[in-house]
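So this one's model-v7.csv, CSV, C-alpha atoms:
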chain,number,residue,atom,x,y,z
S,244,MET,CA,-23.2,35.6,1.9
S,245,ALA,CA,-25.0,33.5,4.5
S,246,VAL,CA,-23.5,33.4,8.0
S,247,ASN,CA,-23.4,30.2,10.0
S,248,PRO,CA,-25.5,30.7,13.3
S,249,ILE,CA,-23.2,28.4,15.3
S,250,SER,CA,-21.3,30.3,18.0
S,251,CYS,CA,-18.5,29.3,20.4
S,252,ALA,CA,-17.5,31.2,23.5
S,253,LEU,CA,-14.1,29.5,23.7
S,254,ASP,CA,-10.9,31.4,22.8
S,255,PHE,CA,-9.0,29.1,20.5
S,256,ASP,CA,-5.8,31.1,21.0
S,257,GLN,CA,-5.8,30.9,24.8
S,258,ASP,CA,-3.4,28.7,26.7
S,259,GLY,CA,-4.8,26.2,29.1
S,260,VAL,CA,-7.9,23.9,29.1
S,261,GLN,CA,-11.3,25.1,28.0
S,262,HIS,CA,-14.5,23.1,28.0
S,263,GLY,CA,-17.5,24.5,26.3
S,264,HIS,CA,-20.1,24.1,23.5
S,265,LEU,CA,-20.8,24.9,20.0
S,266,LYS,CA,-24.2,26.7,20.3
S,267,LEU,CA,-26.5,26.0,17.4
S,268,PRO,CA,-29.9,27.8,17.6
S,269,TYR,CA,-32.7,25.3,17.0
S,270,SER,CA,-36.3,26.6,17.4
S,271,ARG,CA,-38.8,23.7,17.9
S,272,ASP,CA,-42.1,22.9,19.5
S,273,ASP,CA,-40.7,22.3,23.0
S,274,SER,CA,-38.2,25.2,23.0
S,275,ALA,CA,-39.0,28.2,20.8
S,276,TRP,CA,-35.7,29.8,21.4
S,277,GLY,CA,-33.8,26.6,22.0
S,278,ALA,CA,-30.3,25.5,21.0
S,279,ILE,CA,-28.3,22.4,20.4
S,280,LEU,CA,-25.1,22.5,22.6
S,281,ILE,CA,-22.3,20.4,21.0
S,282,PRO,CA,-19.5,19.7,23.5
S,283,ILE,CA,-16.0,20.9,22.5
S,284,THR,CA,-12.7,21.1,24.4
S,285,VAL,CA,-9.6,23.1,23.5
S,286,ILE,CA,-6.2,22.4,25.1
S,287,LYS,CA,-3.3,24.7,24.3
S,288,ASN,CA,0.2,25.4,25.4
S,289,GLY,CA,2.4,27.7,23.4
S,290,ASP,CA,3.1,27.6,19.7
S,291,GLY,CA,3.0,24.4,17.8
S,292,PRO,CA,0.9,22.2,15.5
S,293,THR,CA,-2.9,21.9,15.9
S,294,ALA,CA,-4.7,18.6,16.1
S,295,LEU,CA,-8.4,18.3,15.4
S,296,PHE,CA,-9.9,15.0,16.8
S,297,ALA,CA,-13.5,14.2,16.1
S,298,GLY,CA,-15.9,11.4,17.1
S,299,GLY,CA,-19.6,10.9,16.8
S,300,ASN,CA,-19.6,11.7,13.1
S,301,HIS,CA,-22.1,8.9,13.1
S,302,GLY,CA,-24.2,8.6,16.2
S,303,ASP,CA,-24.1,4.9,16.8
S,304,GLU,CA,-20.3,4.6,16.8
S,305,TYR,CA,-19.0,4.9,20.3
S,306,GLU,CA,-15.2,4.3,20.5
S,307,GLY,CA,-14.6,7.9,19.3
S,308,PRO,CA,-16.8,9.7,21.8
S,309,ILE,CA,-15.4,7.6,24.7
S,310,ALA,CA,-11.8,8.0,23.7
S,311,LEU,CA,-12.2,11.8,23.2
S,312,LEU,CA,-14.2,12.4,26.3
S,313,ASP,CA,-11.4,10.6,28.2
S,314,LEU,CA,-8.7,12.6,26.5
S,315,ALA,CA,-10.6,15.9,27.3
S,316,ARG,CA,-10.5,14.9,30.9
S,317,THR,CA,-6.9,13.7,31.1
S,318,LEU,CA,-4.7,15.6,28.7
S,319,GLU,CA,-2.9,18.4,30.5
S,320,PRO,CA,-1.6,21.6,28.8
S,321,SER,CA,1.8,21.0,30.4
S,322,GLU,CA,2.2,17.8,28.5
S,323,ILE,CA,1.9,19.4,25.0
S,324,THR,CA,3.3,22.0,22.7
S,325,GLY,CA,0.7,23.3,20.4
S,326,ARG,CA,-3.1,22.9,20.5
S,327,VAL,CA,-5.6,20.0,20.5
S,328,ILE,CA,-9.3,20.6,19.6
S,329,LEU,CA,-11.6,17.8,20.6
S,330,LEU,CA,-15.1,17.4,19.2
S,331,PRO,CA,-16.2,14.1,20.8
S,332,MET,CA,-19.8,14.1,19.5
S,333,MET,CA,-19.7,16.0,16.2
S,334,ASN,CA,-23.2,15.0,15.1
S,335,TYR,CA,-24.5,15.5,18.6
S,336,PRO,CA,-28.2,14.9,17.8
S,337,ALA,CA,-27.4,11.6,16.3
S,338,VAL,CA,-25.2,10.5,19.2
S,339,ARG,CA,-28.0,11.4,21.7
S,340,ALA,CA,-30.4,9.3,19.7
S,341,GLY,CA,-28.0,6.4,19.2
S,342,ARG,CA,-28.6,6.7,15.4
S,343,ARG,CA,-26.2,6.8,12.4
S,344,THR,CA,-28.1,9.9,11.2
S,345,SER,CA,-29.6,12.9,12.8
S,346,PRO,CA,-33.2,12.4,14.2
S,347,ILE,CA,-33.9,16.1,13.4
S,348,ASP,CA,-33.3,16.2,9.7
S,349,GLY,CA,-32.2,12.7,8.8
S,350,GLY,CA,-28.8,14.1,7.8
S,351,ASN,CA,-25.8,11.8,7.4
S,352,LEU,CA,-23.1,14.2,8.5
S,353,ASN,CA,-20.3,12.3,6.8
S,354,ARG,CA,-22.1,12.7,3.4
S,355,LEU,CA,-22.8,16.4,3.8
S,356,PHE,CA,-19.4,18.2,3.8
S,357,PRO,CA,-18.6,21.0,3.2
S,358,GLY,CA,-22.1,21.8,4.5
S,359,LYS,CA,-24.2,24.9,4.1
S,360,PRO,CA,-24.3,27.8,6.6
S,361,ASP,CA,-28.0,28.3,5.9
S,362,GLY,CA,-28.9,24.7,5.4
S,363,THR,CA,-30.4,22.0,7.6
S,364,ILE,CA,-29.1,21.4,11.2
S,365,THR,CA,-26.6,18.8,10.0
S,366,GLN,CA,-25.5,20.9,7.1
S,367,LYS,CA,-24.8,23.8,9.5
S,368,ILE,CA,-22.6,21.5,11.7
S,369,ALA,CA,-20.7,20.4,8.6
S,370,ASP,CA,-20.2,24.0,7.5
S,371,TYR,CA,-18.9,25.1,10.9
S,372,VAL,CA,-16.4,22.3,11.1
S,373,THR,CA,-15.3,23.0,7.5
S,374,ALA,CA,-15.1,26.8,7.7
S,375,THR,CA,-14.0,27.4,11.3
S,376,LEU,CA,-12.3,24.3,12.8
S,377,LEU,CA,-10.7,22.6,9.8
S,378,PRO,CA,-8.6,25.7,8.7
S,379,GLN,CA,-7.0,25.7,12.2
S,380,ALA,CA,-5.9,22.1,12.0
S,381,ASP,CA,-2.6,20.6,10.9
S,382,VAL,CA,-3.7,17.0,11.5
S,383,VAL,CA,-7.2,15.6,11.7
S,384,VAL,CA,-8.4,12.2,13.1
S,385,ASP,CA,-12.0,11.2,12.6
S,386,LEU,CA,-12.8,8.1,14.7
S,387,HIS,CA,-15.3,5.7,13.2
S,388,SER,CA,-16.5,2.1,13.9
S,389,GLY,CA,-19.1,-0.1,12.3
S,390,GLY,CA,-22.1,1.2,14.2
S,391,LYS,CA,-25.2,-1.0,14.5
S,392,THR,CA,-25.0,-2.5,11.0
S,393,LEU,CA,-21.3,-3.4,10.4
S,394,GLU,CA,-18.4,-4.9,12.3
S,395,PHE,CA,-14.7,-4.5,11.4
S,396,VAL,CA,-11.3,-5.7,12.5
S,397,PRO,CA,-9.9,-2.7,14.4
S,398,TYR,CA,-8.0,-0.6,11.8
S,399,ALA,CA,-6.7,2.8,11.2
S,400,ALA,CA,-6.9,4.0,7.6
S,401,CYS,CA,-5.7,6.4,5.0
S,402,HIS,CA,-6.7,6.9,1.3
S,403,ARG,CA,-5.0,6.8,-2.0
S,404,LEU,CA,-4.6,10.4,-3.1
S,405,PRO,CA,-3.3,10.3,-6.7
S,406,GLN,CA,-3.9,14.1,-7.0
S,407,ASP,CA,-1.4,14.7,-4.1
S,408,PRO,CA,1.1,11.8,-3.7
S,409,ALA,CA,3.1,13.8,-1.1
S,410,LEU,CA,0.1,14.2,1.1
S,411,GLU,CA,-0.8,10.5,0.6
S,412,THR,CA,2.7,9.6,1.9
S,413,ARG,CA,2.3,11.8,5.0
S,414,CYS,CA,-1.2,10.4,5.7
S,415,ALA,CA,0.1,6.9,5.4
S,416,ALA,CA,2.8,7.7,7.9
S,417,ALA,CA,0.3,9.1,10.4
S,418,MET,CA,-1.9,6.0,9.9
S,419,GLN,CA,1.1,3.9,10.8
S,420,ALA,CA,1.8,6.0,13.8
S,421,PHE,CA,-1.8,5.5,15.0
S,422,ASN,CA,-0.8,1.9,15.1
S,423,ALA,CA,-4.1,0.1,15.3
S,424,PRO,CA,-3.9,-3.8,15.1
S,425,TYR,CA,-4.7,-3.4,11.4
S,426,SER,CA,-3.6,-0.6,9.0
S,427,MET,CA,-5.7,-0.1,5.9
S,428,VAL,CA,-5.3,1.7,2.6
S,429,MET,CA,-9.0,2.2,2.2
S,430,LEU,CA,-11.3,2.4,-0.8
S,431,GLU,CA,-14.6,4.4,-0.2
S,432,LEU,CA,-17.7,3.3,-2.1
S,433,ASP,CA,-18.7,6.9,-2.4
S,434,ALA,CA,-16.4,9.6,-1.1
S,435,VAL,CA,-18.6,12.6,-2.1
S,436,GLY,CA,-19.5,14.7,0.9
S,437,MET,CA,-17.2,12.9,3.4
S,438,PHE,CA,-15.2,14.7,6.1
S,439,ASP,CA,-12.2,12.8,4.8
S,440,THR,CA,-12.6,14.2,1.3
S,441,GLU,CA,-12.9,17.8,2.5
S,442,ALA,CA,-9.9,17.6,4.8
S,443,GLU,CA,-7.7,15.9,2.2
S,444,ALA,CA,-8.8,18.4,-0.4
S,445,ARG,CA,-7.5,21.1,1.9
S,446,GLY,CA,-4.2,19.4,2.3
S,447,LYS,CA,-4.7,18.3,5.9
S,448,LEU,CA,-2.9,15.3,7.3
S,449,PHE,CA,-5.9,12.9,7.8
S,450,VAL,CA,-6.4,9.6,9.5
S,451,THR,CA,-9.7,7.7,10.0
S,452,THR,CA,-10.6,4.4,11.7
S,453,GLU,CA,-13.0,1.5,11.8
S,454,LEU,CA,-12.8,0.1,15.3
S,455,GLY,CA,-15.2,-2.8,15.8
S,456,GLY,CA,-18.9,-2.2,15.5
S,457,GLY,CA,-22.3,-3.7,16.4
S,458,GLY,CA,-23.4,-0.5,18.1
S,459,SER,CA,-21.3,-1.0,21.2
S,460,THR,CA,-17.7,-1.1,22.3
S,461,THR,CA,-15.1,-3.5,23.8
S,462,PRO,CA,-12.3,-2.8,26.1
S,463,HIS,CA,-9.9,-3.6,23.3
S,464,THR,CA,-11.3,-1.3,20.7
S,465,VAL,CA,-11.5,1.6,23.2
S,466,GLU,CA,-7.9,1.0,24.2
S,467,VAL,CA,-6.9,1.1,20.5
S,468,ALA,CA,-8.6,4.5,20.1
S,469,LYS,CA,-7.1,6.0,23.2
S,470,ARG,CA,-3.6,4.8,22.5
S,471,GLY,CA,-3.9,5.8,18.8
S,472,LEU,CA,-4.8,9.4,19.5
S,473,ARG,CA,-1.8,9.9,21.8
S,474,ASN,CA,0.4,8.2,19.2
S,475,VAL,CA,-0.7,10.7,16.6
S,476,LEU,CA,0.1,13.6,19.0
S,477,HIS,CA,3.6,12.1,19.4
S,478,HIS,CA,3.9,11.7,15.7
S,479,VAL,CA,3.3,15.4,14.9
S,480,GLY,CA,5.3,16.7,17.9
S,481,ILE,CA,2.4,18.0,20.0
S,482,LEU,CA,3.3,15.4,22.7
S,483,PRO,CA,7.0,14.7,23.3
S,484,GLY,CA,8.5,11.3,23.0
S,485,ALA,CA,8.3,8.4,20.6
S,486,VAL,CA,5.2,6.7,19.2
S,487,GLU,CA,4.4,3.4,21.0
S,488,MET,CA,4.6,0.9,18.2
S,489,ARG,CA,3.1,-2.6,18.2
S,490,PRO,CA,2.7,-5.1,15.4
S,491,SER,CA,0.1,-4.1,12.8
S,492,VAL,CA,-1.3,-6.1,9.9
S,493,GLN,CA,-1.1,-4.2,6.7
S,494,LEU,CA,-4.2,-4.3,4.5
S,495,ASP,CA,-5.3,-2.8,1.2
S,496,MET,CA,-8.6,-2.3,-0.5
S,497,PRO,CA,-7.5,-1.9,-4.2
S,498,ASP,CA,-10.9,-2.0,-6.0
S,499,GLU,CA,-14.6,-2.8,-5.7
S,500,ARG,CA,-14.0,-6.6,-5.8
S,501,CYS,CA,-13.2,-6.2,-2.1
S,502,PHE,CA,-17.0,-5.8,-1.4
S,503,VAL,CA,-19.4,-8.8,-1.3
S,504,THR,CA,-22.9,-7.4,-1.7
S,505,SER,CA,-26.1,-9.3,-1.0
S,506,GLU,CA,-28.7,-9.5,-3.7
S,507,HIS,CA,-31.2,-11.2,-1.5
S,508,ALA,CA,-33.0,-10.4,1.8
S,509,GLY,CA,-33.2,-13.0,4.6
S,510,ILE,CA,-31.4,-14.5,7.6
S,511,LEU,CA,-27.7,-14.3,7.4
S,512,GLU,CA,-25.3,-17.2,8.3
S,513,PHE,CA,-21.6,-16.3,8.2
S,514,MET,CA,-19.2,-19.1,7.3
S,515,VAL,CA,-16.1,-17.1,8.2
S,516,ASP,CA,-15.0,-14.9,11.1
S,517,LEU,CA,-13.4,-11.4,11.1
S,518,GLY,CA,-9.7,-11.7,10.5
S,519,ASP,CA,-9.9,-15.0,8.7
S,520,SER,CA,-7.9,-15.5,5.6
S,521,VAL,CA,-9.9,-16.6,2.5
S,522,THR,CA,-9.2,-17.7,-1.1
S,523,GLU,CA,-11.2,-16.6,-4.1
S,524,GLY,CA,-14.3,-18.8,-4.4
S,525,ASP,CA,-14.4,-19.7,-0.6
S,526,LEU,CA,-17.9,-19.7,0.9
S,527,ILE,CA,-18.4,-16.5,2.9
S,528,ALA,CA,-22.1,-16.5,3.9
S,529,ARG,CA,-25.5,-18.0,3.3
S,530,VAL,CA,-28.8,-16.1,3.1
S,531,TYR,CA,-31.9,-18.1,4.0
S,532,ASP,CA,-35.4,-17.2,2.7
S,533,THR,CA,-37.6,-16.1,5.6
S,534,GLU,CA,-40.8,-16.8,3.7
S,535,ARG,CA,-40.6,-20.6,3.4
S,536,SER,CA,-38.7,-23.6,4.7
S,537,GLY,CA,-37.1,-26.4,2.7
S,538,TRP,CA,-35.4,-24.0,0.2
S,539,ARG,CA,-31.7,-23.9,-0.3
S,540,PRO,CA,-30.0,-20.8,1.0
S,541,VAL,CA,-28.2,-18.4,-1.5
S,542,GLU,CA,-24.5,-18.8,-1.1
S,543,TYR,CA,-22.0,-15.9,-1.4
S,544,THR,CA,-18.3,-16.5,-2.1
S,545,ALA,CA,-15.1,-14.4,-1.9
S,546,TYR,CA,-14.3,-12.5,-5.1
S,547,ARG,CA,-10.5,-12.6,-4.3
S,548,ASP,CA,-7.9,-13.9,-1.9
S,549,GLY,CA,-7.6,-11.8,1.2
S,550,VAL,CA,-8.6,-11.2,4.8
S,551,VAL,CA,-12.1,-10.7,6.1
S,552,ALA,CA,-11.8,-7.1,7.3
S,553,GLY,CA,-15.5,-6.3,7.7
S,554,ARG,CA,-18.9,-7.9,7.8
S,555,HIS,CA,-22.6,-7.2,8.0
S,556,TYR,CA,-23.6,-7.2,11.7
S,557,PRO,CA,-27.3,-8.0,12.3
S,558,GLY,CA,-28.7,-11.4,11.6
S,559,LEU,CA,-31.1,-10.0,9.0
S,560,VAL,CA,-29.8,-8.8,5.7
S,561,GLN,CA,-31.5,-6.7,2.9
S,562,SER,CA,-30.8,-6.7,-0.8
S,563,GLY,CA,-28.0,-4.3,-1.4
S,564,ASP,CA,-26.3,-4.6,2.0
S,565,THR,CA,-22.6,-5.2,2.1
S,566,LEU,CA,-22.1,-8.7,3.4
S,567,ALA,CA,-18.3,-8.7,3.8
S,568,VAL,CA,-15.2,-6.7,3.0
S,569,ILE,CA,-12.2,-8.8,1.8
S,570,ALA,CA,-9.0,-6.8,2.0
S,571,VAL,CA,-5.7,-7.9,0.6
S,572,SER,CA,-2.5,-8.2,2.5
S,573,GLY,CA,-0.4,-5.0,2.0
S,574,ALA,CA,3.3,-4.5,1.9

What does the file become when written as structure tokens?
Amino acid sequence: MAVNPISCALDFDQDGVQHGHLKLPYSRDDSAWGAILIPITVIKNGDGPTALFAGGNHGDEYEGPIALLDLARTLEPSEITGRVILLPMMNYPAVRAGRRTSPIDGGNLNRLFPGKPDGTITQKIADYVTATLLPQADVVVDLHSGGKTLEFVPYAACHRLPQDPALETRCAAAMQAFNAPYSMVMLELDAVGMFDTEAEARGKLFVTTELGGGGSTTPHTVEVAKRGLRNVLHHVGILPGAVEMRPSVQLDMPDERCFVTSEHAGILEFMVDLGDSVTEGDLIARVYDTERSGWRPVEYTAYRDGVVAGRHYPGLVQSGDTLAVIAVSGA
């Protein structure tokens, strides 16, 4: 059986705060015996649940790395009972490059779980997280935002898990505890190879997010991430005290009619804003032909009543891009 070459000098069972790296050997032209050093922090105090918090699954999504780097700096062992494992930049090469995918092998980490110990660089990262970190965790939070090509209302999310209704109920409760301004029961277009899917298949309490986008952050979305992480720690008993609850809009993505997909390339004009309520048939966006003037733009409408929860971000759109996500109001 192949052995993953990633090593970590930290002692996951030691009380206190430890900052270090996952060391992934990477021989290349400019460093024959080089390595990729992926930052990791372990904070532990006594016996209790373990939380695994990850950011940088995609390298152009920054609320996660910022919130987790801040938590690594500020969370004290004396505050907690249990253990917190922080992986702020899980796909470290992608984060350094400011890309969704790895500049080394083109790997989209969130489509490569459970990974391969003898695979590409990105597959090795996925395998280490799957085989070494995930088994230690009781609760997992994977922080995402829209990156450079999407923008969302700031929401925490869980998934429908018909194969495990009890786990679905627990994940929904953890999502509510994260307490983002919006709370979403989310439909994935393709869940194969996702960190979410791997964690849920192993029975882990799992929460994900989409917190803004556009390849940057705002003070609001970063604050949502920071407060949400601590809320989850309160929820599972690692931090004492109650969850800080604020109003949260409940949303649901029941089927593929939530997604409005462009069938044309061109310049994109949105007719609605994020968070707007729309009715089936309402005009969502226009796509203008870049090859000629005087032609009518193609118009796209909502397929259902709901709330504009997500949108394509750059002004140029390609055929096949998701233009908008229309979620329905939840219970």

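Distances here use all atoms listed in the file; by that measure, the residue among S:Ala567, S:Leu559, S:Leu386, S:Val285 closest to Glu319 in chain S is S:Val285.
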
Q: Give me the residues within 9 Å of Glu304 in chain S as JSON, numbers by chain, counting all atoms listed in the file and dropping any in the same chain fewer than 2 places off.
A: {"S": [298, 299, 300, 301, 302, 306, 307, 308, 338, 341, 342, 343, 386, 387, 388, 389, 390, 391, 454, 456, 457, 458, 459, 460]}

Q | Spatial neighbours of range 420-424 of chain S, max dist 9 Å, all atoms listed in the file, sep filter under 6 positions, as number ranges by chain | A | S: 396-399, 450, 452, 454, 467-468, 470-475, 477-478, 486-493

Include C-alpha atoms and write out the residues we just selected as a JSON list (two decimals), in the frame of the given file.
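Written file, selection.json:
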[["chain", "number", "residue", "atom", "x", "y", "z"],
["S", 396, "VAL", "CA", -11.30, -5.70, 12.50],
["S", 397, "PRO", "CA", -9.90, -2.70, 14.40],
["S", 398, "TYR", "CA", -8.00, -0.60, 11.80],
["S", 399, "ALA", "CA", -6.70, 2.80, 11.20],
["S", 450, "VAL", "CA", -6.40, 9.60, 9.50],
["S", 452, "THR", "CA", -10.60, 4.40, 11.70],
["S", 454, "LEU", "CA", -12.80, 0.10, 15.30],
["S", 467, "VAL", "CA", -6.90, 1.10, 20.50],
["S", 468, "ALA", "CA", -8.60, 4.50, 20.10],
["S", 470, "ARG", "CA", -3.60, 4.80, 22.50],
["S", 471, "GLY", "CA", -3.90, 5.80, 18.80],
["S", 472, "LEU", "CA", -4.80, 9.40, 19.50],
["S", 473, "ARG", "CA", -1.80, 9.90, 21.80],
["S", 474, "ASN", "CA", 0.40, 8.20, 19.20],
["S", 475, "VAL", "CA", -0.70, 10.70, 16.60],
["S", 477, "HIS", "CA", 3.60, 12.10, 19.40],
["S", 478, "HIS", "CA", 3.90, 11.70, 15.70],
["S", 486, "VAL", "CA", 5.20, 6.70, 19.20],
["S", 487, "GLU", "CA", 4.40, 3.40, 21.00],
["S", 488, "MET", "CA", 4.60, 0.90, 18.20],
["S", 489, "ARG", "CA", 3.10, -2.60, 18.20],
["S", 490, "PRO", "CA", 2.70, -5.10, 15.40],
["S", 491, "SER", "CA", 0.10, -4.10, 12.80],
["S", 492, "VAL", "CA", -1.30, -6.10, 9.90],
["S", 493, "GLN", "CA", -1.10, -4.20, 6.70]]

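Distances here use only C-alpha atoms; by that measure, the residue among S:Asp361, S:Asp385, S:Glu431, S:Asp519 closest to Asp498 in chain S is S:Glu431.
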
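In terms of minimum interatomic distance to Leu566 in chain S, S:Glu394 ranks closest within S:Asp525, S:Asp548, S:Glu394, S:Glu534, counting all atoms listed in the file.
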
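Every protein, DNA or RNA residue with an atom at most 12 Å from Gly573 in chain S, where all atoms listed in the file count and chain neighbours fewer than 6 positions away do not, is listed here: Tyr425, Ser426, Met427, Val428, Met429, Ser491, Val492, Gln493, Leu494, Asp495, Met496, Pro497, Gly549 and Val550 of chain S.
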
Q | Counting all atoms listed in the file, the residue of S:Ala485, S:Ala337, S:Val383, S:Ala545 that sits nearest Asn351 in chain S | A | S:Ala337

**Q.** Who sits within 10 Å of Gly291 in chain S, all atoms listed in the file, same chain under 4 positions skipped, as a list in words
**A.** Lys287, Ile323, Thr324, Gly325, Arg326, Asp381, Val479, Gly480 and Ile481 of chain S

Could you please fill out range 330-346 of chain S with N, CA, C and O atoms and send it back as a CSV table (one decimal), in the frame of the given file?
chain,number,residue,atom,x,y,z
S,330,LEU,N,-13.6,17.3,19.5
S,330,LEU,CA,-15.1,17.4,19.2
S,330,LEU,C,-15.6,15.9,19.3
S,330,LEU,O,-15.8,15.2,18.4
S,331,PRO,N,-15.9,15.5,20.6
S,331,PRO,CA,-16.2,14.1,20.8
S,331,PRO,C,-17.5,13.6,20.2
S,331,PRO,O,-17.6,12.4,19.9
S,332,MET,N,-18.5,14.5,20.0
S,332,MET,CA,-19.8,14.1,19.5
S,332,MET,C,-20.2,15.1,18.4
S,332,MET,O,-21.1,15.9,18.6
S,333,MET,N,-19.5,15.0,17.2
S,333,MET,CA,-19.7,16.0,16.2
S,333,MET,C,-21.1,16.1,15.7
S,333,MET,O,-21.7,17.2,15.6
S,334,ASN,N,-21.8,15.0,15.5
S,334,ASN,CA,-23.2,15.0,15.1
S,334,ASN,C,-24.0,14.7,16.4
S,334,ASN,O,-24.5,13.6,16.6
S,335,TYR,N,-24.0,15.7,17.3
S,335,TYR,CA,-24.5,15.5,18.6
S,335,TYR,C,-26.0,15.0,18.6
S,335,TYR,O,-26.3,14.1,19.4
S,336,PRO,N,-26.9,15.5,17.8
S,336,PRO,CA,-28.2,14.9,17.8
S,336,PRO,C,-28.3,13.4,17.5
S,336,PRO,O,-29.0,12.7,18.1
S,337,ALA,N,-27.4,13.0,16.6
S,337,ALA,CA,-27.4,11.6,16.3
S,337,ALA,C,-26.8,10.7,17.4
S,337,ALA,O,-27.3,9.6,17.7
S,338,VAL,N,-25.8,11.3,18.1
S,338,VAL,CA,-25.2,10.5,19.2
S,338,VAL,C,-26.3,10.4,20.3
S,338,VAL,O,-26.4,9.3,20.9
S,339,ARG,N,-27.0,11.5,20.6
S,339,ARG,CA,-28.0,11.4,21.7
S,339,ARG,C,-29.1,10.4,21.4
S,339,ARG,O,-29.6,9.8,22.3
S,340,ALA,N,-29.4,10.2,20.1
S,340,ALA,CA,-30.4,9.3,19.7
S,340,ALA,C,-29.9,7.9,19.4
S,340,ALA,O,-30.7,7.0,19.2
S,341,GLY,N,-28.6,7.7,19.4
S,341,GLY,CA,-28.0,6.4,19.2
S,341,GLY,C,-28.3,6.0,17.7
S,341,GLY,O,-28.4,4.8,17.5
S,342,ARG,N,-28.3,6.9,16.8
S,342,ARG,CA,-28.6,6.7,15.4
S,342,ARG,C,-27.4,7.1,14.5
S,342,ARG,O,-26.6,8.0,14.9
S,343,ARG,N,-27.3,6.4,13.4
S,343,ARG,CA,-26.2,6.8,12.4
S,343,ARG,C,-26.5,8.2,12.0
S,343,ARG,O,-25.5,9.0,11.8
S,344,THR,N,-27.7,8.6,11.7
S,344,THR,CA,-28.1,9.9,11.2
S,344,THR,C,-28.8,10.7,12.2
S,344,THR,O,-29.3,10.2,13.2
S,345,SER,N,-29.0,12.0,11.9
S,345,SER,CA,-29.6,12.9,12.8
S,345,SER,C,-31.1,12.6,12.9
S,345,SER,O,-31.8,12.5,11.8
S,346,PRO,N,-31.7,12.6,14.1
S,346,PRO,CA,-33.2,12.4,14.2
S,346,PRO,C,-33.9,13.7,13.9
S,346,PRO,O,-35.1,13.6,13.7
